[in-house]
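Enquirer: File follows, run.cif with mmCIF, C-alpha atoms:
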data_data
loop_
_atom_site.label_atom_id
_atom_site.label_comp_id
_atom_site.auth_asym_id
_atom_site.auth_seq_id
_atom_site.Cartn_x
_atom_site.Cartn_y
_atom_site.Cartn_z
CA MET A 1 120.22 117.11 51.52
CA THR A 2 121.20 117.22 55.01
CA VAL A 3 118.80 117.90 57.56
CA VAL A 4 116.23 115.45 57.21
CA PRO A 5 115.10 112.16 56.01
CA ALA A 6 114.36 113.71 52.73
CA GLN A 7 111.86 111.11 51.67
CA GLN A 8 109.56 112.41 54.35
CA THR A 9 109.25 115.75 52.75
CA GLY A 10 106.71 116.19 50.05
CA GLY A 11 107.92 116.62 46.53
CA GLY A 12 110.41 118.96 45.00
CA GLY A 13 114.14 118.57 44.68
CA GLY A 14 116.81 118.47 47.32
CA SER A 15 116.29 122.12 48.06
CA SER A 16 112.74 121.58 49.28
CA GLY A 17 114.10 120.29 52.55
CA LEU A 18 116.05 123.47 53.09
CA TYR A 19 113.14 125.53 51.91
CA ASP A 20 110.83 123.88 54.41
CA VAL A 21 113.11 124.40 57.37
CA LEU A 22 114.33 127.80 56.25
CA GLU A 23 111.94 129.70 58.42
CA LEU A 24 113.01 127.64 61.42
CA VAL A 25 116.69 128.31 60.81
CA LEU A 26 116.10 132.00 60.20
CA ASP A 27 113.25 132.93 62.51
CA ARG A 28 113.41 130.54 65.42
CA GLY A 29 116.26 129.24 67.45
CA LEU A 30 118.05 130.96 70.25
CA VAL A 31 118.77 134.67 70.16
CA ILE A 32 121.32 136.23 72.46
CA ASP A 33 121.11 139.97 72.57
CA ALA A 34 124.81 140.36 73.27
CA PHE A 35 125.53 138.93 69.80
CA VAL A 36 124.85 140.60 66.50
CA ARG A 37 123.10 138.94 63.61
CA VAL A 38 124.31 139.01 60.05
CA SER A 39 122.11 140.93 57.69
CA LEU A 40 119.37 138.89 56.12
CA VAL A 41 118.95 141.23 53.18
CA GLY A 42 118.20 139.27 50.06
CA ILE A 43 116.57 136.35 51.79
CA GLU A 44 113.08 137.37 50.68
CA ILE A 45 113.66 135.71 47.37
CA LEU A 46 113.43 132.38 49.12
CA LYS A 47 109.98 133.08 50.40
CA ILE A 48 108.19 132.74 47.12
CA ASP A 49 105.62 130.10 46.33
CA ILE A 50 103.13 131.54 48.72
CA ARG A 51 99.71 130.10 48.21
CA VAL A 52 97.24 132.07 50.17
CA VAL A 53 93.66 132.49 49.22
CA VAL A 54 93.76 136.16 48.49
CA ALA A 55 90.47 137.91 48.04
CA SER A 56 91.08 139.27 44.57
CA VAL A 57 89.41 139.19 41.22
CA ASP A 58 92.26 137.09 39.87
CA THR A 59 91.70 134.45 42.48
CA TYR A 60 87.97 134.41 41.85
CA LEU A 61 88.44 133.96 38.14
CA ARG A 62 91.00 131.25 38.67
CA PHE A 63 88.68 129.32 40.98
CA ALA A 64 85.77 129.73 38.61
CA GLU A 65 87.85 128.33 35.77
CA ALA A 66 89.10 125.51 37.94
CA CYS A 67 85.54 124.58 38.87
CA ASN A 68 84.56 124.48 35.26
CA ARG A 69 87.46 122.24 34.40
CA LEU A 70 86.71 120.04 37.35
CA ASP A 71 83.21 119.28 36.16
CA LEU A 72 84.26 118.71 32.60
CA GLU A 73 86.78 116.11 33.66
CA ALA A 74 84.69 114.16 36.09
CA GLY A 75 81.19 114.73 34.79
CA PRO A 76 78.53 116.76 36.54
CA ARG A 77 77.13 115.55 39.86
CA LYS A 78 79.35 112.51 39.96
CA SER A 79 82.51 114.33 40.82
CA PRO A 80 81.76 115.37 44.39
CA GLY A 81 81.56 111.85 45.80
CA LEU A 82 84.67 110.69 44.05
CA PRO A 83 87.45 111.67 46.43
CA GLU A 84 85.91 109.78 49.36
CA ILE A 85 85.57 106.59 47.34
CA VAL A 86 89.09 106.78 46.06
CA GLY A 87 90.32 107.48 49.57
CA GLU A 88 88.66 104.36 50.94
CA VAL A 89 89.98 102.10 48.27
CA THR A 90 93.50 103.35 48.74
CA GLU A 91 93.29 102.97 52.47
CA SER A 92 92.33 99.32 52.53
CA GLY A 93 94.42 98.42 49.53
CA ALA A 94 97.60 100.04 50.73
CA ARG A 95 97.70 98.77 54.28
CA GLY A 96 100.49 96.30 53.66
CA LYS A 97 102.47 98.81 51.73
CA SER A 98 102.17 101.60 54.22
CA LYS A 99 103.36 99.37 56.98
CA GLY A 100 106.55 98.80 55.08
CA ALA A 101 106.88 102.48 54.54
CA LEU A 102 106.54 103.08 58.24
CA SER A 103 109.31 100.83 59.39
CA GLY A 104 111.35 102.40 56.64
CA ALA A 105 110.66 105.76 58.19
CA ALA A 106 111.76 104.52 61.57
CA GLU A 107 115.10 103.44 60.19
CA THR A 108 115.35 106.78 58.61
CA ILE A 109 115.11 108.54 61.92
CA SER A 110 117.97 106.68 63.42
CA ASP A 111 120.04 107.17 60.32
CA ALA A 112 119.02 110.70 59.58
CA PHE A 113 121.55 112.49 61.65
CA LYS A 114 124.33 110.15 60.65
CA GLN A 115 123.53 110.67 57.03
CA SER A 116 123.78 114.38 57.22
CA ARG A 117 127.52 114.32 56.95
CA GLU A 118 127.66 112.12 53.90
CA GLU A 119 124.72 113.72 52.24
CA ALA A 120 126.37 116.99 51.46
CA SER A 121 125.92 115.86 47.91
CA GLU A 122 122.27 115.80 47.11
CA ARG A 123 122.33 113.05 44.58
CA GLU A 124 121.06 110.39 46.89
CA THR A 125 118.07 112.45 47.84
CA GLU A 126 117.09 113.06 44.31
CA SER A 127 117.32 109.50 43.20
CA ARG A 128 114.98 108.32 45.92
CA PRO A 129 111.45 107.52 44.92
CA ARG A 130 109.06 110.18 46.04
CA ALA A 131 105.61 109.00 46.76
CA ARG A 132 104.07 112.42 46.68
CA LYS A 133 105.88 113.81 43.75
CA SER A 134 103.04 113.13 41.37
CA THR A 135 100.84 115.41 43.39
CA ALA A 136 103.29 118.22 43.32
CA THR A 137 103.87 117.82 39.65
CA ARG A 138 100.21 117.78 38.93
CA ARG A 139 99.67 120.91 40.89
CA LYS A 140 102.44 122.62 39.08
CA GLU A 141 100.91 121.72 35.79
CA GLU A 142 97.59 123.05 36.90
CA GLN A 143 99.09 126.33 37.80
CA GLU A 144 100.67 126.77 34.45
CA MET B 1 138.25 137.98 65.10
CA SER B 2 134.51 137.62 65.66
CA THR B 3 132.97 134.28 66.53
CA TYR B 4 130.10 132.54 64.80
CA VAL B 5 127.89 130.60 67.22
CA TYR B 6 125.96 127.49 66.14
CA GLY B 7 124.51 126.31 69.40
CA ILE B 8 124.85 125.67 73.08
CA THR B 9 125.14 122.25 74.59
CA ALA B 10 126.46 120.45 77.65
CA VAL B 11 130.20 119.73 78.05
CA SER B 12 129.13 116.17 78.76
CA HIS B 13 127.82 115.87 75.19
CA PRO B 14 129.41 112.65 73.90
CA ALA B 15 130.29 113.69 70.35
CA LEU B 16 130.92 117.35 69.76
CA PRO B 17 131.81 117.91 66.08
CA GLU B 18 135.15 119.57 66.66
CA GLY B 19 136.93 120.23 63.38
CA MET B 20 133.84 119.79 61.22
CA GLY B 21 133.42 122.31 58.41
CA GLY B 22 131.18 125.24 59.31
CA VAL B 23 130.11 128.42 57.59
CA GLY B 24 132.30 130.27 55.14
CA ASP B 25 134.21 129.46 52.00
CA PRO B 26 136.50 127.71 52.70
CA PRO B 27 134.48 126.28 55.60
CA ARG B 28 135.75 127.50 58.96
CA PRO B 29 136.51 124.58 61.29
CA VAL B 30 134.14 124.12 64.20
CA ARG B 31 135.58 124.76 67.66
CA ILE B 32 134.26 124.11 71.13
CA LEU B 33 134.27 126.74 73.86
CA ARG B 34 133.81 125.31 77.33
CA GLN B 35 132.53 127.16 80.35
CA GLY B 36 131.55 125.22 83.45
CA GLU B 37 129.03 122.58 82.49
CA LEU B 38 128.20 124.25 79.21
CA ALA B 39 129.83 124.28 75.81
CA ALA B 40 129.30 126.57 72.85
CA VAL B 41 129.86 125.20 69.37
CA VAL B 42 131.47 127.97 67.33
CA SER B 43 133.78 128.78 64.46
CA ASP B 44 135.50 131.89 63.26
CA ALA B 45 133.00 134.18 61.57
CA PRO B 46 133.89 134.82 57.93
CA GLU B 47 133.91 138.41 56.76
CA GLY B 48 130.74 139.44 54.99
CA LEU B 49 128.76 136.34 55.86
CA ARG B 50 125.47 136.27 53.95
CA PRO B 51 122.40 134.07 54.26
CA LYS B 52 123.27 132.00 51.23
CA ARG B 53 122.12 128.48 50.65
CA ARG B 54 125.46 126.90 51.48
CA GLU B 55 125.83 128.92 54.68
CA LEU B 56 122.34 128.01 55.86
CA LEU B 57 123.10 124.38 55.12
CA ALA B 58 126.42 124.58 56.96
CA HIS B 59 124.66 126.01 60.01
CA GLN B 60 122.00 123.33 59.84
CA ASN B 61 124.54 120.54 59.25
CA VAL B 62 126.62 121.43 62.28
CA LEU B 63 123.48 121.49 64.42
CA SER B 64 122.26 118.18 63.00
CA GLU B 65 125.57 116.66 63.85
CA ILE B 66 125.41 117.84 67.47
CA GLY B 67 121.74 116.91 67.69
CA ALA B 68 122.41 113.36 66.50
CA ALA B 69 124.31 112.51 69.65
CA GLY B 70 122.76 114.72 72.26
CA CYS B 71 120.76 117.80 73.08
CA VAL B 72 121.60 121.20 71.64
CA LEU B 73 120.05 124.63 71.89
CA PRO B 74 120.28 125.79 68.27
CA MET B 75 121.11 129.43 67.63
CA ARG B 76 119.19 131.31 65.01
CA PHE B 77 121.22 131.50 61.80
CA GLY B 78 123.74 134.32 61.71
CA SER B 79 124.55 134.89 65.38
CA VAL B 80 127.96 136.46 65.70
CA ALA B 81 129.74 137.33 68.94
CA PRO B 82 132.55 139.91 69.08
CA ASP B 83 135.02 137.23 70.25
CA ASP B 84 135.33 133.92 72.12
CA ASP B 85 135.37 135.61 75.50
CA ALA B 86 132.00 137.19 74.82
CA VAL B 87 130.58 133.71 74.20
CA THR B 88 131.96 132.14 77.35
CA GLY B 89 130.84 135.24 79.23
CA VAL B 90 127.25 134.69 78.14
CA LEU B 91 127.49 131.00 79.03
CA ALA B 92 128.68 131.87 82.52
CA GLU B 93 126.11 134.58 83.02
CA ARG B 94 123.09 132.55 81.93
CA ALA B 95 124.32 129.10 82.86
CA GLU B 96 121.30 128.20 84.91
CA HIS B 97 118.85 129.11 82.20
CA TYR B 98 120.65 127.13 79.50
CA ARG B 99 121.06 124.13 81.78
CA GLU B 100 117.35 124.16 82.47
CA ARG B 101 116.54 124.32 78.74
CA LEU B 102 118.98 121.53 77.90
CA HIS B 103 117.39 119.42 80.56
CA ALA B 104 113.86 120.15 79.36
CA LEU B 105 114.74 119.34 75.76
CA ASP B 106 116.92 116.33 76.46
CA ASP B 107 116.14 113.34 74.23
CA ARG B 108 113.64 115.36 72.27
CA VAL B 109 113.61 116.48 68.66
CA GLU B 110 111.50 118.83 66.61
CA TYR B 111 109.30 117.79 63.74
CA ASN B 112 107.87 120.51 61.57
CA VAL B 113 104.65 119.81 59.73
CA LYS B 114 103.38 121.97 56.92
CA ALA B 115 100.19 121.31 55.05
CA ASN B 116 98.42 122.67 52.04
CA HIS B 117 95.34 121.73 50.14
CA ILE B 118 95.67 119.83 46.94
CA GLU B 119 93.65 122.30 44.98
CA GLU B 120 91.72 119.90 42.82
CA ALA B 121 90.78 117.77 45.80
CA VAL B 122 89.65 120.66 47.93
CA LEU B 123 87.56 122.01 45.08
CA HIS B 124 85.86 118.64 44.88
CA HIS B 125 85.09 118.85 48.56
CA VAL B 126 83.84 122.39 48.30
CA MET B 127 81.56 121.55 45.40
CA ALA B 128 80.34 118.43 47.16
CA GLY B 129 79.43 120.26 50.31
CA ASN B 130 77.78 123.26 48.74
CA PRO B 131 74.80 122.81 46.40
CA GLU B 132 74.69 126.51 45.69
CA ILE B 133 78.22 126.52 44.35
CA ARG B 134 77.49 123.41 42.34
CA ALA B 135 74.41 124.95 40.78
CA LEU B 136 76.22 128.14 39.91
CA ALA B 137 79.12 126.26 38.34
CA GLU B 138 76.65 124.21 36.35
CA ALA B 139 74.83 127.32 35.13
CA ASN B 140 78.12 128.93 34.17
CA ARG B 141 79.21 125.95 32.23
CA GLN B 142 75.97 125.67 30.35
CA SER B 143 76.25 129.23 29.23
CA GLY B 144 79.66 128.38 27.76
CA GLY B 145 81.91 129.28 30.67
CA GLY B 146 79.70 131.94 32.17
CA ALA B 147 79.59 135.68 32.02
CA TYR B 148 82.22 137.70 33.84
CA GLU B 149 79.91 138.55 36.76
CA GLY B 150 78.88 134.93 37.10
CA LYS B 151 82.46 133.81 37.24
CA ILE B 152 83.36 136.39 39.83
CA ARG B 153 80.40 135.42 41.97
CA LEU B 154 81.27 131.73 41.70
CA GLY B 155 84.93 132.35 42.39
CA GLU B 156 84.10 134.48 45.40
CA MET B 157 81.93 131.77 46.90
CA VAL B 158 84.55 129.12 46.19
CA ALA B 159 87.32 131.22 47.69
CA ALA B 160 85.32 131.75 50.87
CA ALA B 161 84.53 128.05 51.10
CA VAL B 162 88.17 127.10 50.52
CA LYS B 163 89.26 129.52 53.20
CA ASP B 164 86.85 128.05 55.71
CA ARG B 165 88.06 124.64 54.78
CA GLU B 166 91.66 125.71 55.32
CA SER B 167 91.14 126.76 58.89
CA GLU B 168 88.98 123.72 59.56
CA ASP B 169 91.60 121.35 58.20
CA GLY B 170 94.42 123.24 59.89
CA THR B 171 92.77 122.78 63.25
CA ALA B 172 91.95 119.15 62.55
CA LEU B 173 95.51 118.36 61.56
CA GLU B 174 96.93 120.14 64.55
CA SER B 175 94.80 118.26 67.03
CA ALA B 176 95.32 114.94 65.25
CA LEU B 177 99.05 115.18 65.90
CA GLU B 178 99.33 116.96 69.22
CA GLY B 179 98.56 113.80 71.18
CA ALA B 180 101.72 112.18 69.85
CA ALA B 181 103.91 115.12 70.85
CA ASP B 182 105.35 116.60 73.99
CA ALA B 183 104.77 120.20 73.06
CA VAL B 184 103.46 122.19 70.15
CA SER B 185 104.58 125.43 68.58
CA VAL B 186 102.39 127.00 65.95
CA GLY B 187 104.29 128.89 63.29
CA PRO B 188 103.32 132.23 61.85
CA GLU B 189 100.10 132.04 59.89
CA SER B 190 101.07 134.31 57.04
CA THR B 191 103.55 132.07 55.30
CA GLY B 192 101.12 130.46 52.91
CA TRP B 193 100.37 127.20 54.64
CA LEU B 194 97.07 126.16 56.11
CA ALA B 195 99.13 124.63 58.87
CA ASN B 196 102.71 125.23 59.91
CA VAL B 197 103.24 123.55 63.23
CA SER B 198 106.30 122.28 65.05
CA TYR B 199 106.06 119.39 67.44
CA LEU B 200 108.50 118.47 70.15
CA VAL B 201 108.76 114.70 70.18
CA LYS B 202 110.65 112.31 72.44
CA ARG B 203 113.13 110.29 70.45
CA GLU B 204 111.79 107.00 71.69
CA THR B 205 108.25 107.84 70.63
CA ALA B 206 109.18 109.33 67.27
CA GLU B 207 107.79 106.27 65.56
CA ASP B 208 104.38 106.91 67.07
CA PHE B 209 104.49 110.46 65.87
CA LEU B 210 105.40 109.38 62.34
CA ALA B 211 102.56 106.88 62.45
CA ALA B 212 100.19 109.68 63.43
CA VAL B 213 101.37 111.72 60.46
CA GLU B 214 100.79 108.78 58.14
CA GLN B 215 97.32 108.42 59.58
CA VAL B 216 96.60 112.08 58.88
CA ARG B 217 97.75 111.62 55.30
CA LYS B 218 95.29 108.76 54.94
CA ASP B 219 92.42 110.45 56.70
CA MET B 220 92.84 113.74 54.89
CA PRO B 221 93.87 112.79 51.36
CA HIS B 222 93.02 116.28 50.11
CA LEU B 223 95.99 117.65 52.07
CA GLU B 224 99.57 117.75 51.02
CA VAL B 225 101.38 117.16 54.30
CA ARG B 226 105.10 117.90 54.43
CA LEU B 227 107.07 116.55 57.34
CA ASN B 228 110.55 117.69 58.28
CA GLY B 229 112.55 116.16 61.04
CA PRO B 230 114.11 115.15 63.24
CA LEU B 231 115.46 118.66 63.69
CA PRO B 232 117.23 120.42 66.54
CA PRO B 233 114.52 121.98 68.70
CA TYR B 234 114.55 125.41 67.03
CA SER B 235 111.01 126.25 68.09
CA PHE B 236 111.40 125.20 71.69
CA VAL B 237 114.58 126.90 72.86
CA GLU B 238 112.74 129.55 74.79
CA PRO B 239 109.83 128.85 77.05
CA GLY B 240 106.95 130.90 75.80
CA PRO B 241 103.18 131.07 75.75
CA ALA B 242 102.95 128.36 73.11
CA GLU B 243 105.26 126.08 75.00
CA PRO B 244 105.57 126.48 78.77
CA ALA B 245 108.82 125.25 80.26
CA GLY B 246 108.64 121.67 81.37
CA THR B 247 105.48 120.95 79.47
CA VAL B 248 104.65 117.30 79.61
CA ALA B 249 101.21 116.84 78.18
CA GLY B 250 100.92 118.06 74.65
CA GLY B 251 97.79 119.84 73.69
CA ALA B 252 96.42 121.86 76.53
CA GLU B 253 98.35 124.92 75.50
CA THR B 254 97.30 124.97 71.90
CA GLY B 255 93.95 126.61 72.41
CA THR B 256 95.34 129.92 71.26
CA ARG B 257 94.71 129.34 67.60
#
Let me see whether you can do it: turn the structure in this file into structure tokens.
Expert:
Amino acid sequence: MTVVPAQQTGGGGGSSGLYDVLELVLDRGLVIDAFVRVSLVGIEILKIDIRVVVASVDTYLRFAEACNRLDLEAGPRKSPGLPEIVGEVTESGARGKSKGALSGAAETISDAFKQSREEASERETESRPRARKSTATRRKEEQE
Amino acid sequence: MSTYVYGITAVSHPALPEGMGGVGDPPRPVRILRQGELAAVVSDAPEGLRPKRRELLAHQNVLSEIGAAGCVLPMRFGSVAPDDDAVTGVLAERAEHYRERLHALDDRVEYNVKANHIEEAVLHHVMAGNPEIRALAEANRQSGGGAYEGKIRLGEMVAAAVKDRESEDGTALESALEGAADAVSVGPESTGWLANVSYLVKRETAEDFLAAVEQVRKDMPHLEVRLNGPLPPYSFVEPGPAEPAGTVAGGAETGTR
């Protein structure tokens, strides 16, 4: 898509970029009271995917189930320490890689605005590798 | 014929996208209305304009194009003036204000950062940090999934712990990034993110800001951090309590959260 160096957004298709900036385009920006605004009826449909921790029985049950699954996968007691260890390994192991990613990001900034014109088609965005996609996919699967 | 307004910029802007396709189907060509030192980027307003995907993208694309080459005050999507004269009238009337804003935002772009917990990871953290929750989960599992009341009690405790963790991590993320930004604007809390924060960043230091975001991703691997930008400075067009005019040091004003 357009707006943004799409590889900096996390997961989803080309529309995720628009989705993420939607509230900026709709709710921020300059307002001039001498002008009218077009009706925004129907826009609510774009505000789905809201993940708030709602205090409800459903949420409680879902968390309880999730905790059960969590232990079954990782084994009791061992699981809690795991994320930290994994985090450390990734950090030292990926230093070289992340540096490359960073200079890539810098190029992206300078190109981002230029690209917007050509990128009306979203194909390029979608064919780019997405580092964080696996996370999003996994979460989706969990929710199902 | 009413006039759709995309944004306000300076007449000295080096590359105004005159003739570019704007909103509408077929896209209405973008025009420039000049008034003194200011210029409004407009097009004809199509009849029955609706907030559809392609219209939102057209609005955003025109603004990106202006923003690529200079500073722009982006209008909120859907701003329609009765006619061209009404637009130039507003420019004339509020010239000083818009000039001041353009000056304050010159060479700066907005980055929007949204973050959520990766559920599995945050549950790990919650279990790790709370022996009581761990014990209860264990007891539930040993009784073959646990009785209904047990599950509710466990879930309630987990939900509370996750919620605490959300505000903790939201604050941590916010302060980890504010040092690399010129100004900060915290978005509405109710939209389902543990953090939804816009940062105003100087173009020449954008790399530092991106590095700070990468660092956050490393330091807080249980967060899914989504970064969008560079964007026109949507969240900084008006000076407000979250972003005083002419703010230089990022951070001091974010104590409101």
Enquirer: Please evaluate the PyMOL selection byres ((chain B and resi 107-121) around 8) against the displayed coordinates and give the resulting residues as an mmCIF file with C-alpha atoms, in the coordinates of the input.
Expert:
data_model
loop_
_atom_site.group_PDB
_atom_site.id
_atom_site.type_symbol
_atom_site.label_atom_id
_atom_site.label_comp_id
_atom_site.auth_asym_id
_atom_site.auth_seq_id
_atom_site.Cartn_x
_atom_site.Cartn_y
_atom_site.Cartn_z
ATOM 1 C CA VAL A 21 113.110 124.400 57.370
ATOM 2 C CA ALA A 66 89.100 125.510 37.940
ATOM 3 C CA LEU A 70 86.710 120.040 37.350
ATOM 4 C CA PRO A 83 87.450 111.670 46.430
ATOM 5 C CA THR A 135 100.840 115.410 43.390
ATOM 6 C CA ARG A 139 99.670 120.910 40.890
ATOM 7 C CA GLY B 70 122.760 114.720 72.260
ATOM 8 C CA CYS B 71 120.760 117.800 73.080
ATOM 9 C CA LEU B 105 114.740 119.340 75.760
ATOM 10 C CA ASP B 106 116.920 116.330 76.460
ATOM 11 C CA VAL B 122 89.650 120.660 47.930
ATOM 12 C CA LEU B 123 87.560 122.010 45.080
ATOM 13 C CA HIS B 124 85.860 118.640 44.880
ATOM 14 C CA HIS B 125 85.090 118.850 48.560
ATOM 15 C CA GLU B 166 91.660 125.710 55.320
ATOM 16 C CA GLY B 170 94.420 123.240 59.890
ATOM 17 C CA TRP B 193 100.370 127.200 54.640
ATOM 18 C CA LEU B 194 97.070 126.160 56.110
ATOM 19 C CA ALA B 195 99.130 124.630 58.870
ATOM 20 C CA ASN B 196 102.710 125.230 59.910
ATOM 21 C CA VAL B 197 103.240 123.550 63.230
ATOM 22 C CA SER B 198 106.300 122.280 65.050
ATOM 23 C CA TYR B 199 106.060 119.390 67.440
ATOM 24 C CA LEU B 200 108.500 118.470 70.150
ATOM 25 C CA VAL B 201 108.760 114.700 70.180
ATOM 26 C CA LYS B 202 110.650 112.310 72.440
ATOM 27 C CA ARG B 203 113.130 110.290 70.450
ATOM 28 C CA HIS B 222 93.020 116.280 50.110
ATOM 29 C CA LEU B 223 95.990 117.650 52.070
ATOM 30 C CA GLU B 224 99.570 117.750 51.020
ATOM 31 C CA VAL B 225 101.380 117.160 54.300
ATOM 32 C CA ARG B 226 105.100 117.900 54.430
ATOM 33 C CA LEU B 227 107.070 116.550 57.340
ATOM 34 C CA ASN B 228 110.550 117.690 58.280
ATOM 35 C CA GLY B 229 112.550 116.160 61.040
ATOM 36 C CA PRO B 230 114.110 115.150 63.240
ATOM 37 C CA LEU B 231 115.460 118.660 63.690
ATOM 38 C CA PRO B 232 117.230 120.420 66.540
ATOM 39 C CA PRO B 233 114.520 121.980 68.700
ATOM 40 C CA TYR B 234 114.550 125.410 67.030
ATOM 41 C CA SER B 235 111.010 126.250 68.090
#
Enquirer: For each of B:Leu16, B:Val87, B:Met127, B:Met1, take the minimum atom-to-atom distance to Glu47 in chain B, counting all atoms listed in the file, then give the residue where this is smallest.
Expert: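 Result for the nearest residue to Glu47 in chain B: B:Met1.
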Enquirer: Just the residues within 7 Å of range 134-148 of chain B, please, counting only C-alpha atoms, with nothing from its chain fewer than 6 positions along; format it as a ChimeraX atom specification.
Expert: /A:67-68 /B:127,154
Enquirer: So how far away is CA of Asp84 in chain B from CA of Ser64 in chain B, in Å?
Expert: 22.4 Å
Enquirer: Can you work out the spacing between CA of Ile133 in chain B and CA of Met157 in chain B in Å, to one decimal?
Expert: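 Taking CA of Ile133 in chain B as the start and CA of Met157 in chain B as the end point, the length is 6.9 Å.
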Enquirer: For the file shown, report as JSON, numbers by chain the outcome of the PyMOL selection byres ((chain B and resi 155) around 7) at residue level.
Expert: {"A": [60, 61, 63, 64], "B": [151, 152, 153, 154, 156, 157, 158, 159]}
Enquirer: Between CA of Glu37 in chain B and CA of Asp83 in chain B, what is the distance in Å, rounded to a tenth?
Expert: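 So the answer is 20.0 Å.
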Enquirer: Can you turn the PyMOL selection byres ((chain B and resi 69) around 7) into a concrete residue list for this file, as a PyMOL selection string?
Expert: chain B and resi 14-15+66-68+70
Enquirer: Which polymer residues have any atom within 10 Å of an atom of Ala176 in chain B, counting only C-alpha atoms, with same-chain residues fewer than 6 positions away left out, as an mmCIF file with C-alpha atoms, keeping the file's coordinate frame?
Expert:
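For reference, result.cif as written:
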data_model
loop_
_atom_site.group_PDB
_atom_site.id
_atom_site.type_symbol
_atom_site.label_atom_id
_atom_site.label_comp_id
_atom_site.auth_asym_id
_atom_site.auth_seq_id
_atom_site.Cartn_x
_atom_site.Cartn_y
_atom_site.Cartn_z
ATOM 1 C CA GLY B 170 94.420 123.240 59.890
ATOM 2 C CA ALA B 212 100.190 109.680 63.430
ATOM 3 C CA VAL B 213 101.370 111.720 60.460
ATOM 4 C CA GLN B 215 97.320 108.420 59.580
ATOM 5 C CA VAL B 216 96.600 112.080 58.880
#
Enquirer: Nearest residue to chain A out of B:Ala81, B:Val90, B:Ala180, B:Ala160, using all atoms listed in the file?
Expert: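 Of B:Ala81, B:Val90, B:Ala180, B:Ala160, the one nearest chain A is B:Ala81, counting all atoms listed in the file.
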Enquirer: Compare B:Pro239, B:Pro26, B:Pro74, B:Pro46 by their minimum atom-to-atom distance to chain A, counting all atoms listed in the file, and give me the closest one.
Expert: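 Checking each of B:Pro239, B:Pro26, B:Pro74, B:Pro46 against chain A, counting all atoms listed in the file, the winner is B:Pro74.
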